[in-house]
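Novice: Here you go, start08.cif (mmCIF, C-alpha atoms):
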```cif
data_my_file
#
loop_
_atom_site.label_atom_id
_atom_site.label_comp_id
_atom_site.auth_asym_id
_atom_site.auth_seq_id
_atom_site.Cartn_x
_atom_site.Cartn_y
_atom_site.Cartn_z
CA MET X 1 9.37 123.56 -81.03
CA ILE X 2 6.04 122.13 -82.18
CA VAL X 3 3.85 121.05 -79.28
CA LEU X 4 0.61 119.09 -79.35
CA GLY X 5 -1.56 120.04 -76.37
CA VAL X 6 -4.50 118.09 -74.90
CA ASP X 7 -6.59 118.79 -71.81
CA THR X 8 -9.74 116.91 -70.75
CA ALA X 9 -10.05 118.09 -67.16
CA THR X 10 -13.41 119.77 -67.74
CA ASP X 11 -16.50 119.08 -69.83
CA HIS X 12 -14.91 121.14 -72.62
CA ALA X 13 -11.90 119.16 -73.87
CA VAL X 14 -9.30 121.22 -75.75
CA VAL X 15 -6.84 120.12 -78.42
CA GLY X 16 -4.33 122.20 -80.34
CA ALA X 17 -0.83 122.59 -81.70
CA THR X 18 1.66 125.44 -81.53
CA ALA X 19 4.91 126.08 -83.37
CA ASP X 20 7.43 128.22 -81.49
CA GLY X 21 4.60 129.71 -79.47
CA GLU X 22 2.37 130.50 -82.45
CA VAL X 23 -1.01 128.77 -82.68
CA VAL X 24 -1.23 126.34 -85.61
CA ARG X 25 -4.65 124.96 -84.73
CA GLU X 26 -6.85 125.08 -81.66
CA VAL X 27 -10.27 123.61 -80.96
CA SER X 28 -12.62 123.03 -78.05
CA VAL X 29 -14.72 119.86 -77.93
CA ASP X 30 -17.93 121.07 -76.31
CA PRO X 31 -20.50 118.80 -74.63
CA GLY X 32 -23.24 117.30 -76.78
CA PRO X 33 -26.90 118.38 -76.87
CA ASP X 34 -27.56 116.23 -73.79
CA GLY X 35 -24.89 118.08 -71.83
CA ARG X 36 -22.55 115.09 -71.64
CA PRO X 37 -18.83 115.48 -72.49
CA ARG X 38 -17.77 114.03 -75.85
CA HIS X 39 -14.14 113.30 -75.04
CA SER X 40 -14.30 109.65 -76.04
CA GLU X 41 -16.05 110.44 -79.34
CA LEU X 42 -14.04 113.34 -80.72
CA LEU X 43 -10.72 113.56 -78.88
CA LEU X 44 -8.70 111.39 -81.27
CA VAL X 45 -10.37 112.96 -84.28
CA GLU X 46 -9.33 116.46 -83.19
CA ILE X 47 -5.84 115.29 -82.28
CA GLU X 48 -5.31 113.90 -85.77
CA ARG X 49 -6.59 117.12 -87.32
CA SER X 50 -4.25 119.20 -85.18
CA VAL X 51 -1.30 116.98 -86.02
CA ASP X 52 -2.11 117.22 -89.74
CA ALA X 53 -2.27 121.02 -89.46
CA ALA X 54 1.18 120.99 -87.88
CA GLY X 55 2.63 118.92 -90.73
CA GLY X 56 2.14 115.36 -89.47
CA TRP X 57 3.54 113.32 -86.61
CA PRO X 58 7.19 113.62 -87.73
CA ARG X 59 6.96 117.37 -87.08
CA ILE X 60 5.65 117.04 -83.51
CA ASP X 61 8.39 117.52 -80.89
CA ARG X 62 6.41 117.02 -77.70
CA ILE X 63 2.96 116.17 -76.34
CA ALA X 64 1.63 118.25 -73.45
CA VAL X 65 -1.27 116.75 -71.52
CA GLY X 66 -3.40 118.28 -68.79
CA ILE X 67 -3.36 116.26 -65.57
CA GLY X 68 -6.07 118.15 -63.70
CA PRO X 69 -7.48 118.70 -61.20
CA GLY X 70 -10.70 117.75 -62.91
CA SER X 71 -13.28 115.08 -63.54
CA PHE X 72 -12.34 111.45 -62.95
CA THR X 73 -13.44 110.04 -66.31
CA GLY X 74 -12.34 113.02 -68.38
CA LEU X 75 -8.80 113.00 -67.04
CA ARG X 76 -8.41 109.26 -67.51
CA ILE X 77 -9.46 109.53 -71.17
CA GLY X 78 -7.09 112.38 -71.93
CA ILE X 79 -4.05 111.03 -70.10
CA ALA X 80 -4.49 107.48 -71.41
CA THR X 81 -4.76 108.82 -74.96
CA ALA X 82 -1.66 111.01 -74.58
CA ARG X 83 0.33 108.14 -73.07
CA ALA X 84 -0.57 105.80 -75.91
CA LEU X 85 0.27 108.37 -78.60
CA ALA X 86 3.58 109.29 -76.96
CA GLN X 87 4.62 105.66 -76.82
CA ALA X 88 3.41 104.87 -80.34
CA GLN X 89 5.13 107.91 -81.87
CA ASP X 90 8.19 107.78 -79.57
CA LEU X 91 7.57 111.34 -78.39
CA PRO X 92 8.35 112.98 -75.03
CA LEU X 93 5.38 113.66 -72.80
CA ALA X 94 5.03 116.67 -70.51
CA PRO X 95 2.42 116.84 -67.71
CA VAL X 96 0.64 120.18 -67.42
CA GLY X 97 -1.44 121.26 -64.45
CA SER X 98 -4.82 122.37 -65.77
CA LEU X 99 -4.79 125.20 -63.24
CA ALA X 100 -1.41 126.35 -64.55
CA ALA X 101 -2.80 126.45 -68.09
CA LEU X 102 -5.84 128.39 -66.90
CA ALA X 103 -3.61 130.78 -64.98
CA ARG X 104 -1.46 131.27 -68.08
CA GLY X 105 -4.53 132.57 -69.89
CA ILE X 106 -5.30 134.98 -67.07
CA SER X 107 -1.72 136.25 -66.97
CA GLU X 108 -1.89 137.19 -70.66
CA GLY X 109 -4.64 139.70 -69.89
CA PRO X 110 -4.64 142.73 -67.63
CA ALA X 111 -4.16 141.74 -63.99
CA GLN X 112 -5.34 143.59 -60.93
CA ASP X 113 -2.52 144.86 -58.69
CA GLY X 114 -0.12 142.61 -60.56
CA THR X 115 -1.76 139.46 -59.28
CA SER X 116 -3.98 136.92 -61.01
CA ALA X 117 -5.66 133.79 -59.76
CA ALA X 118 -7.22 130.80 -61.48
CA CYS X 119 -10.03 128.56 -60.26
CA VAL X 120 -11.26 125.29 -61.67
CA ARG X 121 -14.62 123.56 -61.29
CA CYS X 122 -15.07 120.83 -58.74
CA PRO X 123 -18.01 118.46 -58.18
CA PRO X 124 -20.95 119.87 -56.19
CA ARG X 125 -20.28 120.38 -52.48
CA ARG X 126 -16.58 119.67 -52.99
CA GLY X 127 -15.28 123.29 -53.07
CA LEU X 128 -12.78 124.60 -55.61
CA ARG X 129 -9.05 125.01 -56.04
CA GLY X 130 -6.94 127.85 -57.36
CA ALA X 131 -3.45 128.67 -58.61
CA LEU X 132 -1.38 131.79 -59.13
CA PRO X 133 0.68 132.26 -62.34
CA GLY X 134 4.35 131.70 -61.66
CA ARG X 135 3.78 130.62 -58.04
CA ARG X 136 2.67 127.40 -56.39
CA ARG X 137 0.05 128.99 -54.20
CA ALA X 138 -3.62 128.34 -53.72
CA LEU X 139 -6.36 130.89 -53.88
CA GLY X 140 -8.00 128.78 -51.20
CA ALA X 141 -11.16 126.78 -51.04
CA VAL X 142 -14.80 127.77 -51.02
CA ARG X 143 -16.76 125.56 -48.68
CA ARG X 144 -20.49 125.40 -48.38
CA GLY X 145 -21.66 125.03 -44.80
CA ALA X 146 -24.87 123.26 -43.97
CA GLY X 147 -27.65 125.82 -44.06
CA ARG X 148 -25.36 128.85 -44.36
CA ALA X 149 -23.51 130.83 -47.01
CA GLY X 150 -20.16 129.66 -48.31
CA ARG X 151 -16.90 130.92 -46.95
CA ALA X 152 -13.82 131.83 -49.04
CA SER X 153 -10.32 131.38 -47.71
CA PRO X 154 -8.04 134.23 -48.71
CA GLY X 155 -4.40 133.84 -49.58
CA ALA X 156 -4.10 134.91 -53.21
CA GLY X 157 -2.85 138.41 -52.61
CA SER X 158 -4.56 141.79 -52.93
CA ASN X 159 -7.68 141.88 -55.07
CA PRO X 160 -6.87 138.85 -57.27
CA LEU X 161 -8.64 138.15 -60.55
CA ALA X 162 -10.53 134.85 -60.42
CA ALA X 163 -11.56 132.84 -63.47
CA GLY X 164 -12.75 129.37 -64.38
CA ASP X 165 -16.19 127.84 -64.07
CA GLY X 166 -15.53 127.33 -60.38
CA ALA X 167 -15.07 131.08 -60.03
CA LEU X 168 -18.39 131.68 -61.77
CA ARG X 169 -20.17 129.22 -59.54
CA PHE X 170 -18.80 130.77 -56.34
CA ALA X 171 -18.59 134.35 -57.62
CA ALA X 172 -20.43 135.87 -54.66
CA GLU X 173 -18.20 134.15 -52.11
CA LEU X 174 -15.01 135.05 -53.98
CA GLU X 175 -16.01 138.68 -54.38
CA ALA X 176 -16.92 138.85 -50.70
CA ALA X 177 -13.38 137.64 -49.96
CA GLY X 178 -11.89 140.45 -52.06
CA ALA X 179 -11.41 138.78 -55.44
CA THR X 180 -12.59 140.12 -58.78
CA VAL X 181 -14.40 137.57 -60.96
CA ALA X 182 -14.08 137.95 -64.73
CA PRO X 183 -17.38 138.44 -66.62
CA PRO X 184 -19.16 135.18 -67.52
CA GLU X 185 -18.70 135.74 -71.28
CA ASP X 186 -14.91 136.17 -70.92
CA PRO X 187 -13.07 133.23 -72.60
CA VAL X 188 -10.56 133.33 -69.76
CA HIS X 189 -12.90 131.02 -67.83
CA ARG X 190 -11.92 128.03 -70.00
CA VAL X 191 -8.64 126.24 -70.42
CA ALA X 192 -7.23 126.92 -73.91
CA ALA X 193 -5.11 124.48 -75.88
CA ARG X 194 -2.54 127.17 -76.70
CA HIS X 195 -1.95 127.70 -72.99
CA VAL X 196 -1.57 123.95 -72.43
CA CYS X 197 1.05 123.97 -75.19
CA ALA X 198 2.82 127.02 -73.74
CA VAL X 199 3.05 125.56 -70.25
CA GLY X 200 3.96 122.15 -71.65
CA GLU X 201 6.78 123.56 -73.76
CA ALA X 202 8.53 124.76 -70.62
CA ALA X 203 7.53 121.80 -68.44
CA VAL X 204 9.81 118.96 -67.44
CA GLU X 205 9.24 115.78 -69.42
CA ALA X 206 8.19 112.64 -67.58
CA PRO X 207 7.96 108.94 -68.45
CA ALA X 208 4.49 108.06 -69.73
CA ASP X 209 3.88 105.50 -67.00
CA GLN X 210 4.62 108.08 -64.29
CA ILE X 211 2.09 110.67 -65.42
CA GLU X 212 -0.97 110.34 -63.22
CA PRO X 213 -4.23 112.31 -63.03
CA LEU X 214 -4.61 114.81 -60.23
CA TYR X 215 -7.95 114.14 -58.55
CA LEU X 216 -9.44 116.33 -55.86
CA ARG X 217 -11.00 113.36 -54.10
CA PRO X 218 -11.01 109.56 -54.38
CA PRO X 219 -13.53 107.93 -56.75
CA ASP X 220 -16.94 107.32 -55.17
CA ALA X 221 -16.60 103.57 -55.68
CA LYS X 222 -13.31 103.50 -53.76
CA ARG X 223 -14.77 105.46 -50.86
CA TRP X 224 -17.76 103.13 -50.67
CA ARG X 225 -15.54 100.05 -50.78
CA GLU X 226 -13.45 101.41 -47.91
CA ARG X 227 -16.63 102.11 -45.98
CA ASN X 228 -17.85 98.58 -46.53
CA ARG X 229 -14.53 97.15 -45.37
CA GLY X 230 -14.89 98.88 -42.05
CA VAL X 231 -12.34 101.66 -42.43
CA PRO X 232 -12.18 103.66 -39.16
CA GLY X 233 -14.46 106.66 -39.36
CA GLY X 234 -16.55 105.13 -42.13
CA ASP X 235 -20.24 104.25 -42.14
CA PRO X 236 -21.13 101.05 -40.31
CA GLY X 237 -23.05 99.80 -43.37
CA GLU X 238 -21.88 96.51 -44.82
CA VAL X 239 -22.41 94.56 -48.03
CA ARG X 240 -22.28 90.79 -47.65
CA LEU X 241 -21.59 88.41 -50.54
CA ARG X 242 -23.24 84.99 -50.67
CA ARG X 243 -24.55 82.43 -53.13
CA LEU X 244 -27.49 83.58 -55.25
CA GLY X 245 -30.57 81.45 -54.62
CA TYR X 246 -33.95 80.85 -56.19
CA GLY X 247 -35.55 82.92 -53.43
CA ASP X 248 -33.64 85.97 -54.69
CA LEU X 249 -35.15 85.84 -58.17
CA PRO X 250 -38.04 88.31 -57.60
CA SER X 251 -35.52 90.97 -56.51
CA VAL X 252 -33.12 89.94 -59.26
CA ILE X 253 -35.78 90.37 -61.95
CA SER X 254 -36.69 93.79 -60.54
CA ILE X 255 -33.05 94.98 -60.73
CA GLU X 256 -32.59 93.39 -64.14
CA ARG X 257 -35.57 95.20 -65.65
CA ARG X 258 -34.45 98.53 -64.22
CA SER X 259 -30.92 98.06 -65.53
CA PHE X 260 -31.10 96.77 -69.10
CA PRO X 261 -33.16 97.38 -72.24
CA THR X 262 -33.13 93.64 -73.03
CA PRO X 263 -33.39 92.04 -69.58
CA TRP X 264 -32.95 88.36 -68.95
CA SER X 265 -36.11 86.37 -68.42
CA LEU X 266 -36.88 84.46 -65.24
CA ALA X 267 -36.23 81.21 -67.11
CA MET X 268 -32.70 82.31 -68.02
CA PHE X 269 -31.82 82.92 -64.37
CA VAL X 270 -33.37 79.62 -63.33
CA LEU X 271 -31.29 77.85 -65.99
CA GLU X 272 -28.02 79.41 -64.77
CA LEU X 273 -28.81 78.67 -61.12
CA SER X 274 -29.43 75.02 -62.02
CA LYS X 275 -25.90 74.54 -63.40
CA PRO X 276 -23.70 72.97 -60.72
CA SER X 277 -20.51 74.29 -62.32
CA GLY X 278 -21.61 77.94 -62.39
CA ILE X 279 -20.85 80.78 -60.00
CA CYS X 280 -23.90 82.83 -59.01
CA LEU X 281 -23.33 85.47 -56.34
CA ALA X 282 -25.59 87.89 -54.48
CA ALA X 283 -24.57 91.14 -52.78
CA GLU X 284 -26.82 91.96 -49.84
CA ASP X 285 -26.99 94.96 -47.54
CA ALA X 286 -29.34 96.05 -44.79
CA ASP X 287 -32.00 96.99 -47.35
CA GLY X 288 -31.97 93.67 -49.18
CA LEU X 289 -30.48 92.48 -52.46
CA ALA X 290 -28.06 95.12 -53.78
CA GLY X 291 -26.62 93.27 -56.80
CA TYR X 292 -25.85 89.93 -58.38
CA LEU X 293 -23.42 88.16 -60.68
CA VAL X 294 -23.77 85.13 -62.92
CA CYS X 295 -20.66 83.34 -64.18
CA ALA X 296 -20.88 80.11 -66.19
CA ARG X 297 -18.34 77.56 -67.39
CA TYR X 298 -18.50 76.06 -70.86
CA ASP X 299 -15.89 73.40 -71.53
CA ASP X 300 -12.66 74.96 -70.20
CA VAL X 301 -13.69 78.61 -70.52
CA TRP X 302 -15.41 80.79 -67.93
CA HIS X 303 -18.05 83.28 -69.12
CA LEU X 304 -19.07 86.31 -67.07
CA MET X 305 -22.70 86.31 -68.15
CA ASN X 306 -24.41 88.99 -66.10
CA VAL X 307 -23.62 91.48 -63.38
CA ALA X 308 -25.91 94.27 -62.17
CA VAL X 309 -26.39 96.52 -59.15
CA HIS X 310 -29.57 98.12 -57.85
CA PRO X 311 -29.78 101.70 -59.23
CA ASP X 312 -29.92 103.17 -55.71
CA ARG X 313 -26.76 101.30 -54.60
CA ARG X 314 -24.43 102.03 -57.50
CA ARG X 315 -21.01 103.72 -57.25
CA ARG X 316 -20.28 101.88 -54.01
CA GLY X 317 -17.91 99.30 -55.45
CA ILE X 318 -20.46 96.48 -55.20
CA ALA X 319 -19.96 95.27 -58.78
CA THR X 320 -16.19 95.32 -58.24
CA GLU X 321 -16.57 93.19 -55.14
CA LEU X 322 -18.75 90.70 -57.02
CA ILE X 323 -16.31 90.41 -59.93
CA GLU X 324 -13.27 90.09 -57.66
CA SER X 325 -15.00 87.42 -55.62
CA SER X 326 -15.93 85.46 -58.75
CA SER X 327 -12.33 85.74 -59.97
CA ARG X 328 -11.03 84.25 -56.74
CA ARG X 329 -13.48 81.37 -57.04
CA ARG X 330 -12.50 80.79 -60.69
CA ASP X 331 -8.83 80.71 -59.71
CA ARG X 332 -9.57 77.80 -57.39
CA ALA X 333 -11.25 75.89 -60.20
CA PRO X 334 -9.31 73.41 -62.40
CA VAL X 335 -9.67 75.65 -65.49
CA SER X 336 -8.64 79.28 -65.79
CA PRO X 337 -9.31 80.85 -69.21
CA TRP X 338 -12.49 82.91 -69.19
CA ARG X 339 -14.69 84.95 -71.47
CA SER X 340 -16.89 87.77 -70.24
CA GLU X 341 -20.07 89.35 -71.51
CA SER X 342 -21.23 92.31 -69.45
CA ARG X 343 -24.02 94.81 -69.98
CA THR X 344 -23.47 98.30 -68.66
CA PRO X 345 -26.62 100.26 -67.73
CA ARG X 346 -27.36 103.48 -69.62
CA ARG X 347 -24.48 103.29 -72.07
CA SER X 348 -24.14 102.60 -75.77
CA ARG X 349 -23.20 99.30 -77.36
CA CYS X 350 -19.47 98.74 -77.47
CA THR X 351 -16.94 95.92 -77.72
CA ALA X 352 -13.39 95.43 -76.52
CA ALA X 353 -10.89 92.60 -76.37
CA SER X 354 -8.06 91.69 -74.02
CA ALA X 355 -6.25 88.62 -72.65
CA SER X 356 -6.66 87.14 -69.19
CA ALA X 357 -5.60 83.93 -67.49
CA ARG X 358 -4.55 82.61 -64.11
CA PRO X 359 -0.75 82.86 -63.56
CA GLY X 360 0.93 79.84 -65.04
CA ALA X 361 -1.93 78.97 -67.35
CA ALA X 362 -2.27 79.64 -71.06
CA ALA X 363 -3.72 83.03 -71.93
CA ALA X 364 -7.24 83.13 -73.29
CA THR X 365 -9.14 85.76 -75.24
CA THR X 366 -11.56 87.80 -73.18
CA THR X 367 -14.33 89.60 -75.03
CA THR X 368 -16.45 92.23 -73.34
CA THR X 369 -19.74 93.40 -74.84
CA ALA X 370 -21.70 96.24 -73.27
CA ARG X 371 -25.44 96.48 -73.95
CA THR X 372 -27.52 99.15 -72.35
CA PRO X 373 -30.80 100.98 -72.51
#
```
Show this structure as structure tokens.

Specialist:
Amino acid sequence: MIVLGVDTATDHAVVGATADGEVVREVSVDPGPDGRPRHSELLLVEIERSVDAAGGWPRIDRIAVGIGPGSFTGLRIGIATARALAQAQDLPLAPVGSLAALARGISEGPAQDGTSAACVRCPPRRGLRGALPGRRRALGAVRRGAGRAGRASPGAGSNPLAAGDGALRFAAELEAAGATVAPPEDPVHRVAARHVCAVGEAAVEAPADQIEPLYLRPPDAKRWRERNRGVPGGDPGEVRLRRLGYGDLPSVISIERRSFPTPWSLAMFVLELSKPSGICLAAEDADGLAGYLVCARYDDVWHLMNVAVHPDRRRRGIATELIESSSRRRDRAPVSPWRSESRTPRRSRCTAASASARPGAAAATTTTTARTP
């Protein structure tokens, strides 16, 4: 069986192909000079190279994709890419736990007392997770207490071998709990494409639309939105949406200039506010203006012109609330097709196209353009 393996759970995406267990090609997509992952830039390129090395798409029997746990954005890129390729090439898709692939690599080396353990990196202050080869067990979690040393929860057996960048980060805590951490230069700390392929070859296939990422925690934006909606146990803070007014413009200009390399001028905002058919919304919290949205109507098409959030209030779901609110207001209007132009702070220029319309109305082309500093 020829298996194409992909895993984007960590900053180092891996791609490779194996034929009957033998490596045909294997590569790791390391972060760029700025330390940022390059999944979106090089993933498809490396996939095509691996497929070519295996003899082309007709020779591929299965796609194995890592489902985490791992980073939110990285997993979404990898799984979405694998889904699309599986559907386009009519190939079966097998979900692979990234911990299982990491544990497979550990199990191929010498183990201590017959037991190995794998750890994977988690965001700061979120602990780490582990897995044992051949068993659905957890090494436990390392938790950092406020103002005191971390604590490791045992449960992986006698003197387990720990690996992964999470193991390196919490090496002292793991060793104090009785684990042995592999040396930092040991390649066992990274997921390898050949191990993704090996686990995927034996894994149970699943429909593409049923393969979901395994996150260790909800996205920050979702947690902030729940907080703002008054979920029990959440913060009492609240973001209120209202009409954007001329009195908001000093704060708007301040946010605009901190968000975009080519900010709108004061005159442009005044012009949009003066249009009776437009939708201009403000998001306000206890500290003042948190964000704003400008949506204009030209003929029978809506245009999402501008949306921005104060840098200190981002990742709280404020922009989502603004866009959803504007969508509800557009749906009550006599026209429904709309066109959007949004500028995303601190990203590169990009374009995308899709279709969107109110149910029962004719579909209209929606073009999104991102411009950032």

Novice: Calculated over only C-alpha atoms, which of the candidates X:Gly166, X:Pro95, X:Gly245, X:Gly78 has the smallest distance to His39 in chain X?

Specialist: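 Under the stated criterion, the closest residue is X:Gly78.
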
Novice: Kindly give the distance, in Å, that separates CA of Thr180 in chain X and CA of Leu161 in chain X, rounded to a single decimal.

Specialist: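 Taking CA of Thr180 in chain X and CA of Leu161 in chain X, their separation equals 4.8 Å.
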
Novice: In Å, rounded to a single decimal, give me how far CA of Thr10 in chain X is from CA of Ala176 in chain X.

Specialist: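 CA of Thr10 in chain X lies at a distance of 25.8 Å from CA of Ala176 in chain X.
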
Novice: Can you work out which one of X:Val309, X:Ala282, X:Ser326, X:Val96 has the shortest atom-to-atom distance to Cys295 in chain X, counting all atoms listed in the file?

Specialist: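 Among the listed residues, the smallest separation from Cys295 in chain X belongs to X:Ser326.
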
Novice: Please enumerate the residues selected by the PyMOL selection byres ((chain X and resi 191) around 9) when evaluated against the supplied file, formatted as an NGL selection string.

Specialist: :X and (7 or 9-10 or 12-14 or 98-99 or 101-103 or 105 or 164 or 187-190 or 192-196)

Novice: Identify which of the residues X:Leu289, X:Ile255, X:Leu244, X:Val3 lies closest to Val270 in chain X, counting only C-alpha atoms when measuring atom-to-atom distances.

Specialist: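 Selected residue with least distance to Val270 in chain X: X:Leu244.
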